[in-house]
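Dropping my_file.tsv in here (TSV, C-alpha atoms):
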```tsv
chain	number	residue	atom	x	y	z
R	1	MET	CA	32.19	37.92	-73.50
R	2	LYS	CA	34.92	39.37	-71.38
R	3	LYS	CA	38.18	39.06	-73.26
R	4	GLY	CA	40.51	40.27	-70.92
R	5	VAL	CA	43.72	39.95	-71.08
R	6	ILE	CA	44.07	39.94	-65.96
R	7	ALA	CA	54.35	45.14	-63.04
R	8	LEU	CA	55.29	46.32	-61.01
R	9	CYS	CA	60.53	49.55	-55.50
R	10	THR	CA	65.40	49.95	-52.24
R	11	VAL	CA	64.94	49.23	-48.70
R	12	VAL	CA	64.14	46.07	-46.85
R	13	LEU	CA	60.57	46.25	-45.64
R	14	ILE	CA	59.92	47.24	-42.07
R	15	ALA	CA	58.96	44.47	-39.71
R	16	PHE	CA	55.52	44.01	-38.29
R	17	VAL	CA	56.09	46.00	-35.12
R	18	VAL	CA	52.51	46.84	-34.43
R	19	VAL	CA	49.91	44.60	-32.91
R	20	LEU	CA	47.53	43.47	-35.65
R	21	THR	CA	43.82	43.36	-35.10
R	22	THR	CA	41.22	41.41	-37.06
R	23	SER	CA	40.40	44.46	-39.15
R	24	CYS	CA	42.39	46.83	-41.35
R	25	ASN	CA	44.55	49.47	-39.73
R	26	ASN	CA	46.48	52.51	-40.81
R	27	LEU	CA	50.00	52.07	-39.41
R	28	ASP	CA	50.59	55.78	-38.89
R	29	GLN	CA	48.45	57.29	-36.20
R	30	ASN	CA	50.28	60.58	-36.48
R	31	GLU	CA	49.00	62.40	-39.58
R	32	LYS	CA	52.27	64.28	-40.10
R	33	GLU	CA	54.27	61.05	-39.91
R	34	LYS	CA	51.88	59.41	-42.35
R	35	LYS	CA	52.35	62.25	-44.82
R	36	VAL	CA	56.13	61.95	-44.58
R	37	MET	CA	55.92	58.21	-45.22
R	38	LYS	CA	53.83	58.75	-48.32
R	39	ASP	CA	55.76	61.75	-49.60
R	40	ASP	CA	59.15	60.13	-49.32
R	41	ALA	CA	58.11	57.65	-51.98
R	42	LEU	CA	56.45	60.03	-54.39
R	43	ASP	CA	59.53	60.62	-56.53
R	44	LEU	CA	59.78	56.93	-57.41
R	45	ASP	CA	57.95	55.89	-60.55
R	46	CYS	CA	56.83	52.47	-59.37
R	47	GLY	CA	54.03	52.12	-61.91
R	48	ASN	CA	56.36	50.33	-64.33
R	49	TRP	CA	57.95	47.89	-61.91
R	50	ILE	CA	57.70	44.17	-62.56
R	51	ILE	CA	56.94	41.42	-60.05
R	52	PHE	CA	59.70	38.79	-59.81
R	53	ASP	CA	60.28	35.81	-57.55
R	54	GLU	CA	63.33	34.69	-55.60
R	55	LYS	CA	63.64	31.31	-57.30
R	56	GLY	CA	63.43	31.91	-61.01
R	57	VAL	CA	61.71	35.16	-61.86
R	58	TYR	CA	58.26	33.63	-61.75
R	59	GLY	CA	56.87	30.51	-60.10
R	60	THR	CA	54.80	29.20	-57.23
R	61	GLY	CA	55.55	28.57	-53.59
R	62	SER	CA	58.16	31.29	-53.58
R	63	LYS	CA	58.63	34.87	-52.41
R	64	TYR	CA	57.90	37.89	-54.57
R	65	GLY	CA	59.39	41.35	-54.92
R	66	TYR	CA	59.70	44.14	-57.49
R	67	MET	CA	62.30	45.02	-60.13
R	68	ASP	CA	62.54	47.46	-63.02
R	69	LYS	CA	62.78	46.51	-66.69
R	70	THR	CA	66.59	46.33	-66.51
R	71	GLY	CA	66.43	43.69	-63.78
R	72	GLU	CA	67.48	46.05	-60.97
R	73	ILE	CA	65.79	44.96	-57.73
R	74	LYS	CA	63.68	47.73	-56.23
R	75	ILE	CA	62.04	45.77	-53.40
R	76	PRO	CA	63.62	42.42	-52.46
R	77	ALA	CA	61.55	39.26	-52.77
R	78	GLN	CA	59.84	38.63	-49.43
R	79	PHE	CA	56.08	38.46	-49.96
R	80	ASP	CA	53.99	35.32	-50.38
R	81	ASP	CA	52.05	37.09	-53.11
R	82	ALA	CA	52.28	40.50	-54.73
R	83	TYR	CA	50.25	42.60	-57.12
R	84	GLU	CA	51.12	45.40	-59.51
R	85	PHE	CA	51.65	48.94	-58.28
R	86	SER	CA	48.67	51.18	-58.94
R	87	GLU	CA	48.44	54.85	-58.05
R	88	GLY	CA	51.59	54.66	-55.90
R	89	PHE	CA	50.72	51.57	-53.84
R	90	ALA	CA	50.77	47.81	-54.25
R	91	VAL	CA	48.85	45.07	-52.49
R	92	VAL	CA	51.04	42.34	-50.99
R	93	TYR	CA	50.04	39.19	-49.15
R	94	MET	CA	51.62	37.23	-46.31
R	95	PHE	CA	50.37	33.73	-45.52
R	96	SER	CA	49.29	32.88	-42.02
R	97	THR	CA	51.80	30.57	-40.34
R	98	ASP	CA	49.46	28.86	-37.91
R	99	LYS	CA	47.07	27.07	-40.26
R	100	GLU	CA	46.87	25.34	-43.59
R	101	PRO	CA	46.25	27.37	-46.77
R	102	PRO	CA	42.62	27.51	-47.94
R	103	LEU	CA	41.29	25.72	-50.98
R	104	PRO	CA	41.77	27.67	-54.25
R	105	ASP	CA	38.10	28.67	-54.50
R	106	SER	CA	37.74	29.48	-50.81
R	107	TRP	CA	36.96	33.00	-49.69
R	108	GLU	CA	37.93	32.24	-46.11
R	109	PRO	CA	40.03	35.11	-44.74
R	110	TYR	CA	43.60	33.88	-44.46
R	111	GLY	CA	46.86	35.64	-43.75
R	112	THR	CA	47.50	39.36	-44.06
R	113	HIS	CA	46.97	41.70	-46.99
R	114	ALA	CA	48.82	45.02	-46.91
R	115	PHE	CA	49.51	48.10	-48.95
R	116	ILE	CA	53.14	49.03	-49.44
R	117	ASN	CA	54.45	52.27	-50.88
R	118	ALA	CA	57.26	52.70	-53.39
R	119	LYS	CA	59.86	52.53	-50.61
R	120	GLY	CA	58.57	49.09	-49.68
R	121	LYS	CA	57.09	50.29	-46.39
R	122	TYR	CA	53.84	48.90	-45.03
R	123	VAL	CA	51.36	51.74	-44.88
R	124	PHE	CA	48.13	49.80	-44.34
R	125	LEU	CA	47.53	46.30	-42.95
R	126	CYS	CA	44.52	44.04	-43.22
R	127	GLU	CA	44.68	40.81	-41.25
R	128	GLU	CA	42.18	38.11	-42.18
R	129	GLY	CA	40.60	40.18	-44.90
R	130	TRP	CA	41.17	41.41	-48.46
R	131	LEU	CA	42.35	44.50	-50.24
R	132	THR	CA	42.06	45.37	-53.90
R	133	SER	CA	44.42	47.62	-55.83
R	134	PHE	CA	43.59	51.30	-56.11
R	135	SER	CA	41.52	52.28	-59.12
R	136	GLU	CA	40.39	55.83	-59.74
R	137	GLY	CA	41.63	56.84	-56.27
R	138	ILE	CA	39.84	54.23	-54.14
R	139	ALA	CA	40.30	50.59	-53.14
R	140	LEU	CA	37.99	47.97	-51.68
R	141	VAL	CA	38.54	46.54	-48.20
R	142	ARG	CA	36.72	43.45	-46.99
R	143	ASP	CA	37.18	42.35	-43.36
R	144	LYS	CA	35.17	41.33	-40.31
R	145	GLU	CA	33.80	44.85	-40.07
R	146	GLY	CA	32.27	44.61	-43.52
R	147	GLN	CA	33.00	45.89	-47.02
R	148	TYR	CA	34.03	49.46	-47.69
R	149	PHE	CA	36.15	51.65	-49.92
R	150	ILE	CA	39.15	53.68	-48.76
R	151	ASN	CA	41.00	56.54	-50.45
R	152	THR	CA	44.77	56.87	-50.93
R	153	SER	CA	45.00	58.47	-47.48
R	154	PHE	CA	43.56	55.18	-46.17
R	155	GLU	CA	40.37	56.84	-44.95
R	156	LYS	CA	37.03	55.10	-45.30
R	157	VAL	CA	34.92	56.87	-47.90
R	158	PHE	CA	31.77	54.70	-48.05
R	159	ASP	CA	30.37	51.29	-47.15
R	160	VAL	CA	29.20	48.71	-49.67
R	161	ALA	CA	27.90	46.05	-47.32
R	162	ASN	CA	24.88	45.00	-49.35
R	163	PHE	CA	26.64	43.59	-52.40
R	164	ALA	CA	27.90	40.06	-52.88
R	165	THR	CA	30.58	40.99	-55.44
R	166	ILE	CA	32.18	44.34	-56.22
R	167	GLU	CA	34.54	45.05	-59.11
R	168	PRO	CA	36.97	47.99	-59.48
R	169	PHE	CA	35.84	51.45	-60.52
R	170	ILE	CA	36.25	52.16	-64.22
R	171	GLU	CA	35.07	55.38	-65.83
R	172	GLY	CA	33.33	56.41	-62.61
R	173	TYR	CA	31.28	53.25	-62.01
R	174	ALA	CA	31.87	49.86	-60.41
R	175	LEU	CA	30.03	46.67	-61.26
R	176	VAL	CA	28.26	45.07	-58.30
R	177	GLN	CA	26.36	41.85	-57.81
R	178	THR	CA	23.04	42.89	-56.32
R	179	LYS	CA	21.55	39.45	-55.67
R	180	GLY	CA	22.69	35.89	-55.20
R	181	THR	CA	25.77	34.47	-53.52
R	182	PRO	CA	29.45	35.32	-53.96
R	183	TYR	CA	31.93	33.61	-56.25
R	184	PRO	CA	32.53	30.77	-56.99
R	185	SER	CA	28.86	29.70	-57.08
R	186	PRO	CA	26.59	32.65	-57.87
R	187	ILE	CA	22.87	31.83	-57.70
R	188	GLU	CA	20.25	33.99	-59.40
R	189	LYS	CA	22.78	36.79	-59.55
R	190	LYS	CA	21.95	40.20	-60.90
R	191	TRP	CA	24.41	42.91	-61.77
R	192	SER	CA	24.25	46.68	-61.67
R	193	TYR	CA	26.53	49.68	-61.15
R	194	ILE	CA	27.39	51.92	-58.19
R	195	ASP	CA	28.82	55.43	-58.26
R	196	LYS	CA	31.51	56.88	-56.00
R	197	THR	CA	29.06	57.58	-53.21
R	198	GLY	CA	28.50	53.84	-52.87
R	199	ASN	CA	24.91	54.11	-54.08
R	200	LEU	CA	23.36	52.33	-57.02
R	201	ALA	CA	23.73	54.56	-60.06
R	202	THR	CA	20.66	53.00	-61.69
R	203	ASP	CA	17.72	50.84	-60.70
R	204	LYS	CA	18.30	48.63	-63.75
R	205	GLU	CA	19.65	45.13	-63.21
R	206	PHE	CA	21.29	42.76	-65.66
R	207	GLU	CA	22.00	39.05	-65.96
R	208	GLU	CA	25.59	39.93	-66.81
R	209	ALA	CA	27.43	43.17	-67.45
R	210	ASN	CA	30.83	44.48	-68.49
R	211	PRO	CA	32.67	47.51	-67.12
R	212	PHE	CA	32.31	50.77	-69.03
R	213	SER	CA	34.70	51.39	-71.89
R	214	GLU	CA	34.74	54.55	-73.98
R	215	GLY	CA	31.52	55.65	-72.28
R	216	MET	CA	29.51	52.51	-73.03
R	217	ALA	CA	29.06	49.02	-71.58
R	218	ALA	CA	27.78	45.66	-72.83
R	219	VAL	CA	24.95	44.20	-70.72
R	220	LYS	CA	22.96	40.99	-70.92
R	221	ASN	CA	19.29	40.22	-70.33
R	222	ASN	CA	17.10	37.35	-71.49
R	223	GLY	CA	20.19	35.55	-72.74
R	224	LYS	CA	21.26	38.28	-75.19
R	225	TRP	CA	23.75	41.13	-75.03
R	226	GLY	CA	23.10	44.78	-75.81
R	227	VAL	CA	24.85	48.06	-75.04
R	228	ILE	CA	24.06	50.92	-72.65
R	229	ASP	CA	25.51	54.41	-72.49
R	230	ASN	CA	26.78	55.99	-69.28
R	231	ASN	CA	23.31	57.32	-68.55
R	232	PHE	CA	22.21	53.65	-68.48
R	233	ASN	CA	20.04	54.00	-71.55
R	234	LEU	CA	19.90	50.99	-73.86
R	235	VAL	CA	21.39	52.29	-77.11
R	236	ILE	CA	22.01	48.99	-78.92
R	237	ASP	CA	19.29	46.35	-78.57
R	238	TYR	CA	19.77	42.96	-76.94
R	239	GLN	CA	20.68	40.73	-79.89
R	240	TYR	CA	24.19	39.35	-79.51
R	241	ASP	CA	25.33	36.00	-78.10
R	242	SER	CA	28.40	37.62	-76.56
R	243	ALA	CA	29.97	41.06	-76.43
R	244	GLY	CA	33.25	42.60	-75.33
R	245	ASP	CA	34.43	46.14	-74.64
R	246	PHE	CA	34.80	49.17	-76.86
R	247	SER	CA	38.31	49.93	-78.05
R	248	ASP	CA	39.22	52.20	-80.95
R	249	GLY	CA	35.47	52.82	-81.26
R	250	LEU	CA	34.64	49.18	-82.00
R	251	MET	CA	33.25	46.29	-79.96
R	252	ALA	CA	33.77	42.59	-80.65
R	253	VAL	CA	30.41	40.78	-80.74
R	254	GLU	CA	29.14	37.32	-81.66
R	255	LYS	CA	25.90	36.40	-83.36
R	256	ASP	CA	24.66	33.05	-84.66
R	257	GLY	CA	28.05	31.44	-84.04
R	258	LYS	CA	30.11	34.01	-85.95
R	259	SER	CA	32.06	37.03	-84.75
R	260	GLY	CA	32.33	40.59	-86.04
R	261	TYR	CA	32.58	44.20	-84.84
R	262	ILE	CA	30.07	47.00	-84.33
R	263	ASP	CA	30.52	50.72	-83.76
R	264	LYS	CA	28.83	52.83	-81.08
R	265	THR	CA	25.68	53.24	-83.14
R	266	GLY	CA	25.30	49.49	-83.56
R	267	GLN	CA	26.40	49.60	-87.18
R	268	VAL	CA	28.25	46.46	-88.29
R	269	VAL	CA	31.73	47.58	-89.32
R	270	VAL	CA	33.32	44.14	-89.69
R	271	ASP	CA	31.02	41.40	-90.95
R	272	PHE	CA	30.26	38.27	-88.96
R	273	VAL	CA	32.73	36.03	-90.76
R	274	TYR	CA	35.19	35.04	-88.01
R	275	ASP	CA	35.16	32.12	-85.62
R	276	TYR	CA	36.78	34.13	-82.83
R	277	ASN	CA	37.64	37.78	-82.41
R	278	PHE	CA	39.31	39.88	-79.77
R	279	THR	CA	39.37	43.48	-78.57
R	280	PHE	CA	41.33	45.98	-80.62
R	281	ARG	CA	44.70	46.86	-79.21
R	282	GLU	CA	47.06	49.43	-80.73
R	283	GLY	CA	44.83	49.68	-83.79
R	284	LEU	CA	44.76	45.97	-84.58
R	285	ALA	CA	42.60	43.05	-83.49
R	286	SER	CA	43.33	39.34	-83.50
R	287	VAL	CA	40.78	37.27	-85.44
R	288	SER	CA	40.46	33.60	-86.32
R	289	LYS	CA	38.92	31.58	-89.13
R	290	ASP	CA	39.24	27.87	-89.88
R	291	GLY	CA	41.76	27.41	-87.07
R	292	LYS	CA	44.16	30.13	-88.25
R	293	TYR	CA	44.80	33.49	-86.59
R	294	GLY	CA	45.85	36.89	-87.93
R	295	PHE	CA	45.07	40.60	-87.54
R	296	ILE	CA	42.68	43.14	-89.00
R	297	ASN	CA	42.60	46.93	-88.75
R	298	THR	CA	39.63	49.06	-87.75
R	299	LYS	CA	38.38	49.08	-91.32
R	300	GLY	CA	38.14	45.31	-91.25
R	301	GLU	CA	41.07	44.89	-93.63
R	302	VAL	CA	43.37	41.91	-93.06
R	303	VAL	CA	46.80	43.44	-92.45
R	304	ILE	CA	48.57	40.35	-91.08
R	305	PRO	CA	47.44	37.15	-92.81
R	306	LEU	CA	45.54	34.49	-90.90
R	307	LYS	CA	48.36	31.95	-90.83
R	308	TYR	CA	49.26	31.45	-87.17
R	309	LYS	CA	48.09	28.73	-84.80
R	310	TYR	CA	47.38	31.41	-82.19
R	311	THR	CA	47.85	35.14	-81.78
R	312	GLN	CA	47.68	37.05	-78.52
R	313	GLY	CA	47.24	40.70	-79.42
R	314	PHE	CA	49.62	43.64	-79.60
R	315	PHE	CA	51.18	44.98	-76.43
R	316	GLU	CA	53.90	47.61	-76.73
R	317	GLY	CA	54.16	46.99	-80.45
R	318	LEU	CA	54.65	43.22	-80.31
R	319	SER	CA	52.34	40.23	-80.28
R	320	ALA	CA	53.10	36.69	-79.18
R	321	VAL	CA	52.13	34.20	-81.90
R	322	LYS	CA	52.26	30.43	-82.20
R	323	ALA	CA	54.11	29.46	-85.37
R	324	ASP	CA	53.82	26.35	-87.51
R	325	ASN	CA	56.65	24.71	-85.56
R	326	GLY	CA	54.42	24.71	-82.48
R	327	TYR	CA	56.50	27.28	-80.60
R	328	TYR	CA	55.82	30.91	-79.67
R	329	GLY	CA	57.65	34.01	-80.84
R	330	TYR	CA	56.87	37.70	-81.27
R	331	ILE	CA	55.92	39.65	-84.39
R	332	ASN	CA	55.70	43.39	-85.02
R	333	THR	CA	52.75	45.18	-86.61
R	334	LYS	CA	54.13	44.35	-90.06
R	335	GLY	CA	53.89	40.64	-89.28
R	336	GLU	CA	57.68	40.24	-89.09
R	337	PHE	CA	59.26	38.02	-86.46
R	338	VAL	CA	61.45	40.15	-84.21
R	339	ILE	CA	61.85	37.40	-81.61
R	340	GLU	CA	62.03	33.94	-83.12
R	341	PRO	CA	59.47	31.24	-82.18
R	342	ILE	CA	61.47	29.16	-79.68
R	343	TYR	CA	59.27	29.29	-76.58
R	344	THR	CA	56.80	26.76	-75.21
R	345	ALA	CA	54.83	29.62	-73.62
R	346	ALA	CA	54.87	33.37	-74.13
R	347	TYR	CA	52.90	36.23	-72.58
R	348	TRP	CA	52.31	39.85	-73.50
R	349	PHE	CA	54.87	42.63	-73.08
R	350	GLU	CA	54.32	44.94	-70.14
R	351	ASN	CA	56.69	47.73	-69.16
R	352	GLY	CA	59.26	46.44	-71.61
R	353	LEU	CA	59.34	42.80	-70.46
R	354	ALA	CA	57.48	39.61	-71.31
R	355	ARG	CA	57.34	36.32	-69.43
R	356	VAL	CA	58.34	33.28	-71.49
R	357	SER	CA	59.29	29.67	-71.02
R	358	THR	CA	61.34	27.10	-72.91
R	359	TYR	CA	60.21	24.39	-70.50
R	360	VAL	CA	56.88	23.56	-68.95
R	361	SER	CA	57.56	25.20	-65.58
R	362	ASN	CA	60.69	27.32	-66.08
R	363	TYR	CA	59.67	30.93	-66.71
R	364	TYR	CA	61.87	33.96	-67.14
R	365	PHE	CA	61.67	37.49	-68.53
R	366	ILE	CA	62.92	38.78	-71.88
R	367	ASN	CA	63.12	42.31	-73.24
R	368	GLN	CA	62.03	43.39	-76.72
R	369	ASN	CA	65.39	42.29	-78.14
R	370	GLY	CA	64.76	38.77	-76.88
R	371	GLU	CA	67.47	39.14	-74.20
R	372	ILE	CA	66.98	37.49	-70.81
R	373	VAL	CA	66.46	39.95	-67.95
R	374	ASP	CA	67.10	38.29	-64.58
R	375	PRO	CA	67.42	40.15	-61.25
R	376	HIS	CA	69.51	37.28	-59.89
R	377	ASN	CA	72.42	37.98	-62.24
```
Re-express the file's structure as structure tokens.
Amino acid sequence: MKKGVIALCTVVLIAFVVVLTTSCNNLDQNEKEKKVMKDDALDLDCGNWIIFDEKGVYGTGSKYGYMDKTGEIKIPAQFDDAYEFSEGFAVVYMFSTDKEPPLPDSWEPYGTHAFINAKGKYVFLCEEGWLTSFSEGIALVRDKEGQYFINTSFEKVFDVANFATIEPFIEGYALVQTKGTPYPSPIEKKWSYIDKTGNLATDKEFEEANPFSEGMAAVKNNGKWGVIDNNFNLVIDYQYDSAGDFSDGLMAVEKDGKSGYIDKTGQVVVDFVYDYNFTFREGLASVSKDGKYGFINTKGEVVIPLKYKYTQGFFEGLSAVKADNGYYGYINTKGEFVIEPIYTAAYWFENGLARVSTYVSNYYFINQNGEIVDPHN
């Protein structure tokens, strides 16, 4: 059970003035020039920038750029897609202009992925391939030359050609699919973990597996979930119908149709009395019983009554909740509404802003005072 919850610099981006190849290329052949390009963006804290679009802050079929939490534009909207900044760089995407877009589930290479730095300069291009964001100092590249990881100097560090699916590195390990076919139709897939040499960190394989969290990971075999430590020893037996990640020392698990929480020894800390439960965030976890949602603390005590139609979880001290009137608002950790329930959709706060809507397709950003933040104003 992966309960995830899937942000974000003042110059117009440089034009594509180099000839692209069908593989990924570092734009700066001169090492000194490359260092200057990277260093001249280091003073900018781009990790808290938010992605906005040119039409209405967030939508589809538009161009994307980056702003700060006050609405000041840091990189103008000009990309067909854009991802959050991570470790000083962001992945952006430009559609190909000479062919139709692929189907949503297609993995056909299409268009150009690139890394930009905090000045909005292209520092690495990948035509007809993919890039992932940097995590723990490395990022995955997939192109016609294969699959491999690069470091933040855009140097290849190791190949990972033998795996169908590769997830980001977390706590020193990355999940890989060792058998079967890639998404969206995996067949007879098995999962394991690689280390930062690109080699399998264990010979054990699993039907499903979660990334490591707090030194442990939920894994599944024979239809049941258990828990391994970071030496890949099974420390909690296979017995659960679903399992999440450790947070605040507790993991959400499900057994016989009911949900509860266990600690790292496998001891049940919160009994299996809930219909749904979610990962702890900021010391509280959203739980549900009989169609109503509320919050418990790490002792299992109900601290915000189960009275909402839906709760999202706390992010930056606030949680979106669906009230009895059918609309979403935001409560604090005392269960008090600080932003009234007037929205048809509401998402979590990140870097001081949350995306909301009062109409089906009209999204915009608000701050923690409920004020609209719009880079177009």
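In this model, the gap between atom CA of R:Tyr347 and atom CA of R:Phe52 comes to 14.7 Å.
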Let me know the centre plus edge lengths, in Å and rounded to one decimal, of a box with edges along x, y and z that contains all listed atoms of stretch 245-261 of chain R and is padded by 6 Å on every side, as AutoDock Vina command-line options.
```
--center_x 31.9 --center_y 42.1 --center_z -80.3 --size_x 26.6 --size_y 33.4 --size_z 23.4
```
From the set R:Tyr83, R:Tyr276, R:Trp191, R:Tyr327, which residue has the shortest atom-to-atom contact distance to R:Leu306, counting only C-alpha atoms?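 Of R:Tyr83, R:Tyr276, R:Trp191, R:Tyr327, the one nearest R:Leu306 is R:Tyr276, counting only C-alpha atoms.
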Which residues come within 10 Å of stretch 227-237 of chain R, counting all atoms listed in the file, excluding same-chain residues fewer than 6 positions away, as an MDAnalysis selection string? chainID R and resid 171:173 192:193 201:204 209:210 212:220 243 245 251 262:267
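Residues surrounding R:Gln147 within 12 Å are Ser23, Cys24, Gly129, Trp130, Leu131, Thr132, Ala139, Leu140, Val141, Arg142, Asp143, Lys156, Val157, Phe158, Asp159, Val160, Ala161, Asn162, Phe163, Ala164, Thr165, Ile166 and Gly198 of chain R [all atoms listed in the file; sequence separation below 4 positions excluded].
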Point to revise | Residue neighbourhood R:Ala82, 12 Å, all atoms listed in the file, exclusion window fewer than 5 positions, as a PyMOL selection string | key: chain R and resi 7-8+49-53+58+60+62-66+75-77+89-95+112-116+120+131-133
field: Contact residues around R:Asn377 with all atoms listed in the file at 10 Å, ignoring same-chain residues under 2 positions, as a ChimeraX atom specification
entry: /R:71-72,373-375
Atomic separation - atom CA of R:Gly47 relative to atom CA of R:Asp80, Å: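 Calculated distance between atom CA of R:Asp80 and atom CA of R:Gly47 is 20.4 Å.
Atom CA of R:Asn222 to atom CA of R:Glu188 spans 12.9 Å [interatomic distance, one decimal].
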Worksheet item: Taking (49.9, 36.1, -79.2) in the file's coordinates, which residues come within 9 Å, counting all atoms listed in the file, written as a list in words?
Response: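 I get Ser286, Tyr310, Thr311, Gln312, Gly313, Phe314, Leu318, Ser319, Ala320, Val321, Lys322, Tyr328, Gly329, Tyr330, Ile331, Ala346, Tyr347 and Trp348 of chain R for the residues within 9 Å of that point.
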Review point. Which residue, R:Lys144, R:Asn221, R:Gly137, R:Ser153, has the smallest gap to R:Pro168 when you use only C-alpha atoms?
Key: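 Nearest candidate to R:Pro168 out of R:Lys144, R:Asn221, R:Gly137, R:Ser153: R:Gly137.
Distance check against R:Val302 using all atoms listed in the file: of R:Ile366, R:Leu200, R:Val270, R:Ala323, the minimum falls on R:Val270.
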